[in-house]
Each structure stands twice: as structure tokens, then as C-alpha cells.
Amino acid sequence: MIITNGTLITWQMENLILEGMAMRIADGRIVEIAPQRELLDRYPQEERLDAEGQYVMPGNLCAHTHFYGAFARGMAIPGAAPKDFPQILQKLWWPLDRSLTLEDVRLSTQVMLADAIRHGTTMLIDHHASPNAIEGSLDVIAEEVEKAGLRAVLCYEVSDRDGPEKTQAGIEENLRFLKACEGGKRPLVRASFGLHASLTLSDRTLERCRAAVPEGVGFHLHVAESEADEYDSLAKWGLRVVDRLHRHGILGRNTILAHCVHVDAREMEILAESGSWVTHQPRSNMNNAVGVAPVESLLRIGVPVCLGTDGFPSTMWVEWKFAYLVQKVWHRDPRRMPANLIADMAIYNNAALAGRFFTEAPLGVLQEGAFADLILVDYHPHTPLTAENLPWHIVFGFHESMVTTTIVNGRVLMKDRRILTLDEAAVAARAREFAPRTWQRYQAHVLGNEESSEL
């Protein structure tokens with residue numbers, strides 16, 4: 001396939017915006033970028049995709065999300081609203097994840113994948129939990145990812161909060177799925193090893209997980225999302241969270257730490273020294289009222305900070321906007337968090353993190369030899385758009401509704417805003433059938449927890 005009549009945004013380290021150029025795709029890769037007339041003359045029989053003047057750019061990448069949270073939308077929480085983050089976990093997320101069946105997991109995944117395709121997000125790093133449907137849950141998610149045609153990195157969150165049998169089942173699910181993905185057996189899907197957070201993990205469980213994980217495999221977990229995680233670690237172990245994880249060998253160049261809102265200066269140093277990845281999710285942090293991550297300080301000290309959604313819709317440019325604005329209001333300083341720093345996170349760092357898992361070719365860039373994961377964007381700027389001011393155009397002008405075509409591994413997943421690999425309406429209709437049953441189980445879990453706490 002040759003993509004013609006587009007303006008190419010390459011997102012190379014020295015970003016280029018190319019006009020008059022066409023791009024040839026073969027075997028899931030970008031094999032040639034050359035003047036359009038030259039390519040068409042050399043390959044007259046090649047299939048063509050006319051970009052019709054749109055921008056052609058790499059697909060967006062999401063560094064941390066939760067497919068399983070799809071059924072939370074519109075769900076009522078019984079009783080008084082949660083007053084802090086521990087209550088949000090106890091009254092919302094933990095009862096919900098206990099309510100999920102494997103079919104709920106499948107439907108939640110389908111819903112989130114359709115959302116990602118529509119909004120131009122082509123690779124997602126997911127963190128899964130379904131304590132009453134652990135075995136085979138990652139296979140269910142992987143099957144749906146492959147059918148939809150997206151890329152994903154998957155793991156199951158190990159936790160002690162549901163008892164030792166569930167802890168063991170979570171460890172086994174991660175190990176089984178790591179083996180299923182080794183050696184590129186699943187070209188679109190890769191595996192990590194999931195942990196929930198320090199506050200639900202004993203020393204014994206951390207030791208077991210560290211001992212079980214093969215060489216070179218990293219972890220994916222939540223760190224210091226709220227102060228509660230730090231105070232819990234200090235009370236139980238006499239260590240701050242990052243220090244504790246460092247002691248247990250959890251940190252490293254393949255480990256992803258979501259949030260890190262409440263890390264201190266020494267913890268930042270440890271993160272930088274270990275090469276661990278941090279993901280920033282401003283919409284989630286604002287929604288949970290946990291504070292604002294010290295993103296600029298983390299970047300300055302050398303921590304590779306990426307951008308994720310934490311289960312919010314896969315509208316990465318919306319996440320850009322929140323990341324841009326929240327630091328300004330938090331610090332009461334309009335100079336904080338310029339858009340080029342957000343591009344460093346969402347473009348370059350996200351691509352580098354994805355490259356730790358998909359090693360065969362570059363992701364997140366338009367260049368010869370890179371994966372053909374790209375989107376067409378129908379944006380009509382009314383001021384000059386250059387490589388230098390593009391991040392500010394994205395913050396103030398780009399919108400996900402402008403994505404018209406999504407391509408992954410050379411396969412067209414959405415064309416002219418019509419999703420080709422999923423029946424979006426049918427997926428939503430089936431999810432609407434299942435969600436009320438999940439909500440009933442959720443209500444029972446919440447009420448059961450309240451009765452237990454009263455006793």
C-alpha cells in the first residue's frame with residue numbers, strides 16, 4: 001500500500017513535517033518514504049490510500065490503562081461518596097473487579113479497544129484485575145486485542161487483598177502468559193508481570209514474585225498514587241514505597257510505575273538510578289483528588305516519564321491537555337509544563353517504553369523500517385503549523401474526532417471513521433446487556449464488605 005496526498009508528521013527525534021512525500025507500506029513496516037511521483041512511477045500496481053490532504057502521523061501510544069474498568073461508567077456507588085483514595089478502592093474498584101466474569105473481561109476489553117481505534121491510539125499497556133476470574137483472563141484480553149488489530153502489553157495484578165489462593169493464581173497467570181508470549185509468539189501482544197501496589201503486597205509476596213520472574217522481565221504496578229501508600233509502607237516496613245521496591249529488586253529498566261504522585265527527592269533519585277519508567281495520568285489523579293505528580297522534577301532528574309490514561313477513554317490528546325493545564329493551576333504559574341515537555345513524555349518516552357516490549361522495529365515514528373502504525377488526522381490549522389510549534393497545536397487545536405483512519409502493522413482498522421475490525425454498535429449493545437448483572441454482583445460485594453466491617 002502507498003499512502004498518498006498527505007502531510008507527514010514523522011516524530012523523529014528531530015521532528016520533520018514533510019509535504020509532497022508518499023509512504024510505502026509492506027509486511028507491516030514502512031519500507032519507503034519518497035517523493036510521491038517517484039513512488040507511484042516505481043510501483044504503478046500498488047494499492048493506494050489517498051490521505052486527501054490530511055496529516056499522516058504515528059498512532060498514539062498509551063503507557064498505562066485498565067481495560068477492566070469499562071463497566072464503571074455510570075455505575076452508582078452505594079451509600080456516601082468515598083471521601084479519599086482508600087475509600088475509592090474499597091467502595092468502587094475492589095468490589096467491581098471481584099464482580100467480573102471472563103465474559104465481562106472480554107466485553108470490557110472490546111469496548112476499550114473500539115474506543116482506542118476510534119481515537120487513534122494504536123498501542124496500550126494494560127494492567128488487569130479480576131480476582132474471581134483469574135485463570136485465562138490474559139488470554140481472553142489478548143484474543144480480543146488480536147482480533148481488533150491493535151498492539152498491547154498485558155499483565156495481571158498480583159495482590160494479597162483477596163487471600164493466598166488468589167495471590168498464587170495471579171502469579172501463575174502472569175508466568176503462564178509470559179511463556180505464551182515469549183519469542184514473539186503473539187506479534188501484537190507482549191507481557192509484563194503485574195503487581196497491584198505496595199499497600200496490598202507483603203514482603204513474602206514481593207520475594208516470591210521477584211524469584212519467579214525470568215531474567216529481563218519487568219513489573220507493572222502502582223506507586224505512591226496517594227499518601228496512603230507511603231504511610232502504609234512506613235508503618236509496616238519502615239521504608240518509603242520506592243525504597244521498599246528497590247530493596248526487593250522490583251525496579252529496573254523494564255519496570256513501569258504508575259503515578260508516583262507522592263515520591264520524595266530520594267525516591268526520585270532511586271527511580272532515575274534504576275532506569276524505571278514512570279507513567280503520568282493527570283485525569284485520573286484529578287478525579288481521585290490524590291494530588292499532582294512532580295512531573296517536571298522527575299524529568300529533570302532523569303526519570304523517563306510517560307503518559308497514560310488509567311482507564312479513562314483512550315483520548316491521548318485530551319490527556320495532553322490535562323497534563324498541560326494541571327501543573328499550571330497546581331503551581332499557580334503559567335510557565336509550568338510547556339507543551340514540548342508533554343511531547344517528550346507522550347511521544348518520545350512512550351515510544352521508547354513501547355520499544356522495550358516490541359523490539360523488532362521502532363514504534364511511534366514515521367521512518368523507513370518502523371512499524372506501520374499510523375493515523376490520518378483531518379486538522380485544518382488557521383495559523384502556521386511547524387515542527388517547533390506542533391505540541392502547542394496539539395494542546396490547543398487537535399481533537400480525537402479529527403482521526404479518520406487508524407492503521408496498525410499495515411492493517412487498516414478504521415477508514416473514514418468506520419471501524420472495520422469490530423462492530424462498535426454490537427459491542428456496545430452486548431456490553432449494555434451484561435453491565436447490569438455485573439452491577440448487581442458489585443452491589444452485593446459492597447454491601448457484604450460493609451456488613452463485615454460493622455461486625
# chains A, B, ... in the order shown; residues from 1 in each chain; ligands from 1
call {"tool": "closest_atom_pairs", "arguments": {"of": "stretch 94-196 of chain A", "to": "stretch 376-383 of chain A", "cutoff": "12 Å", "atoms": "only C-alpha atoms", "output": "CSV"}}
result
residue,atom,partner,partner_atom,distance
A:Ile117,CA,A:Leu376,CA,11.9
A:Arg118,CA,A:Leu376,CA,11.3
A:His119,CA,A:Val377,CA,10.2
A:Gly120,CA,A:Leu376,CA,8.5
A:Thr121,CA,A:Leu376,CA,11.7
call {"tool": "residues_around", "arguments": {"residues": "A:Glu38", "least_positions_apart": "3", "cutoff": "12 Å", "atoms": "only C-alpha atoms", "output": "ChimeraX atom specification"}}
result
/A:2,4,20-24,32-35,41-44
call {"tool": "closest_residue", "arguments": {"among": "A:Phe357, A:Phe67, A:Phe398, A:Phe85", "to": "A:Ser284", "atoms": "only C-alpha atoms"}}
result
A:Phe85
call {"tool": "select_by_dssp", "arguments": {"residues": "stretch 139-369 of chain A", "states": "alpha helix (DSSP H)", "output": "VMD selection string"}}
result
chain A and resid 139 to 148 164 to 181 203 to 212 227 to 237 241 to 247 265 to 274 282 to 287 295 to 301 316 to 331 339 to 343 350 to 357
call {"tool": "residues_around", "arguments": {"residues": "A:Leu96", "least_positions_apart": "5", "cutoff": "9 Å", "atoms": "only C-alpha atoms", "output": "PyMOL selection string"}}
result
chain A and resi 69+71-72+91+130+438-439+441-443+445-446
call {"tool": "write_last_selection", "arguments": {"atoms": "N, CA and C atoms", "output": "PDB file, in the first residue's frame"}}
result
ATOM      1  N   GLY A  69     -11.994  -1.663  33.657  1.00  0.00           N
ATOM      2  CA  GLY A  69     -12.820  -0.651  34.302  1.00  0.00           C
ATOM      3  C   GLY A  69     -13.950  -0.111  33.450  1.00  0.00           C
ATOM      4  N   PHE A  71     -16.907  -1.074  32.725  1.00  0.00           N
ATOM      5  CA  PHE A  71     -18.277  -1.140  33.241  1.00  0.00           C
ATOM      6  C   PHE A  71     -18.521  -0.165  34.395  1.00  0.00           C
ATOM      7  N   ALA A  72     -17.511   0.581  34.812  1.00  0.00           N
ATOM      8  CA  ALA A  72     -17.712   1.546  35.895  1.00  0.00           C
ATOM      9  C   ALA A  72     -18.478   2.787  35.430  1.00  0.00           C
ATOM     10  N   LYS A  91     -14.647   1.029  47.953  1.00  0.00           N
ATOM     11  CA  LYS A  91     -16.069   1.136  47.611  1.00  0.00           C
ATOM     12  C   LYS A  91     -16.338   1.046  46.117  1.00  0.00           C
ATOM     13  N   SER A 130      -9.154  -9.271  37.959  1.00  0.00           N
ATOM     14  CA  SER A 130     -10.483  -9.906  38.036  1.00  0.00           C
ATOM     15  C   SER A 130     -10.344 -11.097  38.987  1.00  0.00           C
ATOM     16  N   THR A 438     -23.336  -7.319  36.172  1.00  0.00           N
ATOM     17  CA  THR A 438     -22.088  -7.023  36.881  1.00  0.00           C
ATOM     18  C   THR A 438     -22.361  -6.053  38.018  1.00  0.00           C
ATOM     19  N   TRP A 439     -23.199  -5.050  37.763  1.00  0.00           N
ATOM     20  CA  TRP A 439     -23.525  -4.067  38.797  1.00  0.00           C
ATOM     21  C   TRP A 439     -24.246  -4.718  39.973  1.00  0.00           C
ATOM     22  N   ARG A 441     -23.800  -7.836  41.043  1.00  0.00           N
ATOM     23  CA  ARG A 441     -22.764  -8.514  41.814  1.00  0.00           C
ATOM     24  C   ARG A 441     -21.926  -7.499  42.596  1.00  0.00           C
ATOM     25  N   TYR A 442     -21.654  -6.380  41.954  1.00  0.00           N
ATOM     26  CA  TYR A 442     -20.899  -5.303  42.611  1.00  0.00           C
ATOM     27  C   TYR A 442     -21.627  -4.823  43.872  1.00  0.00           C
ATOM     28  N   GLN A 443     -22.934  -4.573  43.747  1.00  0.00           N
ATOM     29  CA  GLN A 443     -23.719  -4.118  44.904  1.00  0.00           C
ATOM     30  C   GLN A 443     -23.629  -5.127  46.033  1.00  0.00           C
ATOM     31  N   HIS A 445     -21.205  -7.247  46.654  1.00  0.00           N
ATOM     32  CA  HIS A 445     -19.863  -7.199  47.245  1.00  0.00           C
ATOM     33  C   HIS A 445     -19.719  -5.986  48.167  1.00  0.00           C
ATOM     34  N   VAL A 446     -20.233  -4.826  47.736  1.00  0.00           N
ATOM     35  CA  VAL A 446     -20.123  -3.621  48.555  1.00  0.00           C
ATOM     36  C   VAL A 446     -20.871  -3.804  49.866  1.00  0.00           C
TER      37      VAL A 446
END
call {"tool": "closest_residue", "arguments": {"among": "A:Ala80, A:Ala425, A:Leu341, A:Val318", "to": "A:Ile394", "atoms": "only C-alpha atoms"}}
result
A:Val318
call {"tool": "decode", "arguments": {"residues": "stretch 379-443 of chain A", "atoms": "C-alpha atoms", "output": "PDB file, in the first residue's frame"}}
result
ATOM      1  CA  TYR A 379      -6.858  19.018  11.059  1.00  0.00           C
ATOM      2  CA  HIS A 380      -7.033  22.369   9.307  1.00  0.00           C
ATOM      3  CA  PRO A 381      -4.822  24.849  11.162  1.00  0.00           C
ATOM      4  CA  HIS A 382      -5.666  28.506  10.741  1.00  0.00           C
ATOM      5  CA  THR A 383      -2.129  29.555  11.795  1.00  0.00           C
ATOM      6  CA  PRO A 384       1.221  28.181  10.585  1.00  0.00           C
ATOM      7  CA  LEU A 385       1.985  24.666  11.864  1.00  0.00           C
ATOM      8  CA  THR A 386       5.672  23.835  12.156  1.00  0.00           C
ATOM      9  CA  ALA A 387       7.735  21.086  13.725  1.00  0.00           C
ATOM     10  CA  GLU A 388       8.585  23.521  16.525  1.00  0.00           C
ATOM     11  CA  ASN A 389       5.061  24.625  17.430  1.00  0.00           C
ATOM     12  CA  LEU A 390       3.290  21.292  16.779  1.00  0.00           C
ATOM     13  CA  PRO A 391       2.996  20.402  20.506  1.00  0.00           C
ATOM     14  CA  TRP A 392       1.063  23.620  21.119  1.00  0.00           C
ATOM     15  CA  HIS A 393      -1.194  22.913  18.120  1.00  0.00           C
ATOM     16  CA  ILE A 394      -1.945  19.518  19.665  1.00  0.00           C
ATOM     17  CA  VAL A 395      -2.791  21.051  23.063  1.00  0.00           C
ATOM     18  CA  PHE A 396      -4.954  23.847  21.680  1.00  0.00           C
ATOM     19  CA  GLY A 397      -6.205  22.544  18.337  1.00  0.00           C
ATOM     20  CA  PHE A 398      -6.108  18.762  17.870  1.00  0.00           C
ATOM     21  CA  HIS A 399      -9.125  16.682  18.845  1.00  0.00           C
ATOM     22  CA  GLU A 400      -9.694  12.934  18.660  1.00  0.00           C
ATOM     23  CA  SER A 401     -12.739  13.419  16.426  1.00  0.00           C
ATOM     24  CA  MET A 402     -10.276  14.507  13.747  1.00  0.00           C
ATOM     25  CA  VAL A 403      -8.838  10.973  13.487  1.00  0.00           C
ATOM     26  CA  THR A 404     -10.362   9.464  10.333  1.00  0.00           C
ATOM     27  CA  THR A 405      -8.161   6.393   9.721  1.00  0.00           C
ATOM     28  CA  THR A 406      -6.239   4.078  12.050  1.00  0.00           C
ATOM     29  CA  ILE A 407      -3.649   1.592  10.774  1.00  0.00           C
ATOM     30  CA  VAL A 408      -1.657  -0.946  12.822  1.00  0.00           C
ATOM     31  CA  ASN A 409       1.007  -3.251  11.416  1.00  0.00           C
ATOM     32  CA  GLY A 410      -0.063  -2.132   7.947  1.00  0.00           C
ATOM     33  CA  ARG A 411      -3.669  -3.238   8.511  1.00  0.00           C
ATOM     34  CA  VAL A 412      -6.430  -0.648   8.209  1.00  0.00           C
ATOM     35  CA  LEU A 413      -8.532  -0.869  11.393  1.00  0.00           C
ATOM     36  CA  MET A 414     -10.639   2.220  10.733  1.00  0.00           C
ATOM     37  CA  LYS A 415     -11.177   4.028   7.439  1.00  0.00           C
ATOM     38  CA  ASP A 416     -13.090   7.266   7.016  1.00  0.00           C
ATOM     39  CA  ARG A 417     -14.220   6.972  10.653  1.00  0.00           C
ATOM     40  CA  ARG A 418     -15.731   3.496  10.165  1.00  0.00           C
ATOM     41  CA  ILE A 419     -14.166   0.777  12.332  1.00  0.00           C
ATOM     42  CA  LEU A 420     -13.517  -2.316  10.212  1.00  0.00           C
ATOM     43  CA  THR A 421     -12.331  -4.905  12.743  1.00  0.00           C
ATOM     44  CA  LEU A 422     -15.066  -4.502  15.372  1.00  0.00           C
ATOM     45  CA  ASP A 423     -18.807  -3.953  15.168  1.00  0.00           C
ATOM     46  CA  GLU A 424     -18.818  -0.981  17.503  1.00  0.00           C
ATOM     47  CA  ALA A 425     -22.596  -0.786  17.905  1.00  0.00           C
ATOM     48  CA  ALA A 426     -22.937  -4.524  18.537  1.00  0.00           C
ATOM     49  CA  VAL A 427     -20.113  -4.461  21.103  1.00  0.00           C
ATOM     50  CA  ALA A 428     -21.793  -1.599  22.981  1.00  0.00           C
ATOM     51  CA  ALA A 429     -25.198  -3.309  22.858  1.00  0.00           C
ATOM     52  CA  ARG A 430     -23.839  -6.566  24.268  1.00  0.00           C
ATOM     53  CA  ALA A 431     -21.943  -4.703  26.980  1.00  0.00           C
ATOM     54  CA  ARG A 432     -25.188  -2.952  27.963  1.00  0.00           C
ATOM     55  CA  GLU A 433     -26.773  -6.381  28.436  1.00  0.00           C
ATOM     56  CA  PHE A 434     -24.010  -7.616  30.726  1.00  0.00           C
ATOM     57  CA  ALA A 435     -23.277  -4.457  32.726  1.00  0.00           C
ATOM     58  CA  PRO A 436     -26.467  -4.579  34.879  1.00  0.00           C
ATOM     59  CA  ARG A 437     -25.603  -8.123  36.007  1.00  0.00           C
ATOM     60  CA  THR A 438     -22.088  -7.023  36.881  1.00  0.00           C
ATOM     61  CA  TRP A 439     -23.525  -4.067  38.797  1.00  0.00           C
ATOM     62  CA  GLN A 440     -25.770  -6.420  40.798  1.00  0.00           C
ATOM     63  CA  ARG A 441     -22.764  -8.514  41.814  1.00  0.00           C
ATOM     64  CA  TYR A 442     -20.899  -5.303  42.611  1.00  0.00           C
ATOM     65  CA  GLN A 443     -23.719  -4.118  44.904  1.00  0.00           C
TER      66      GLN A 443
END
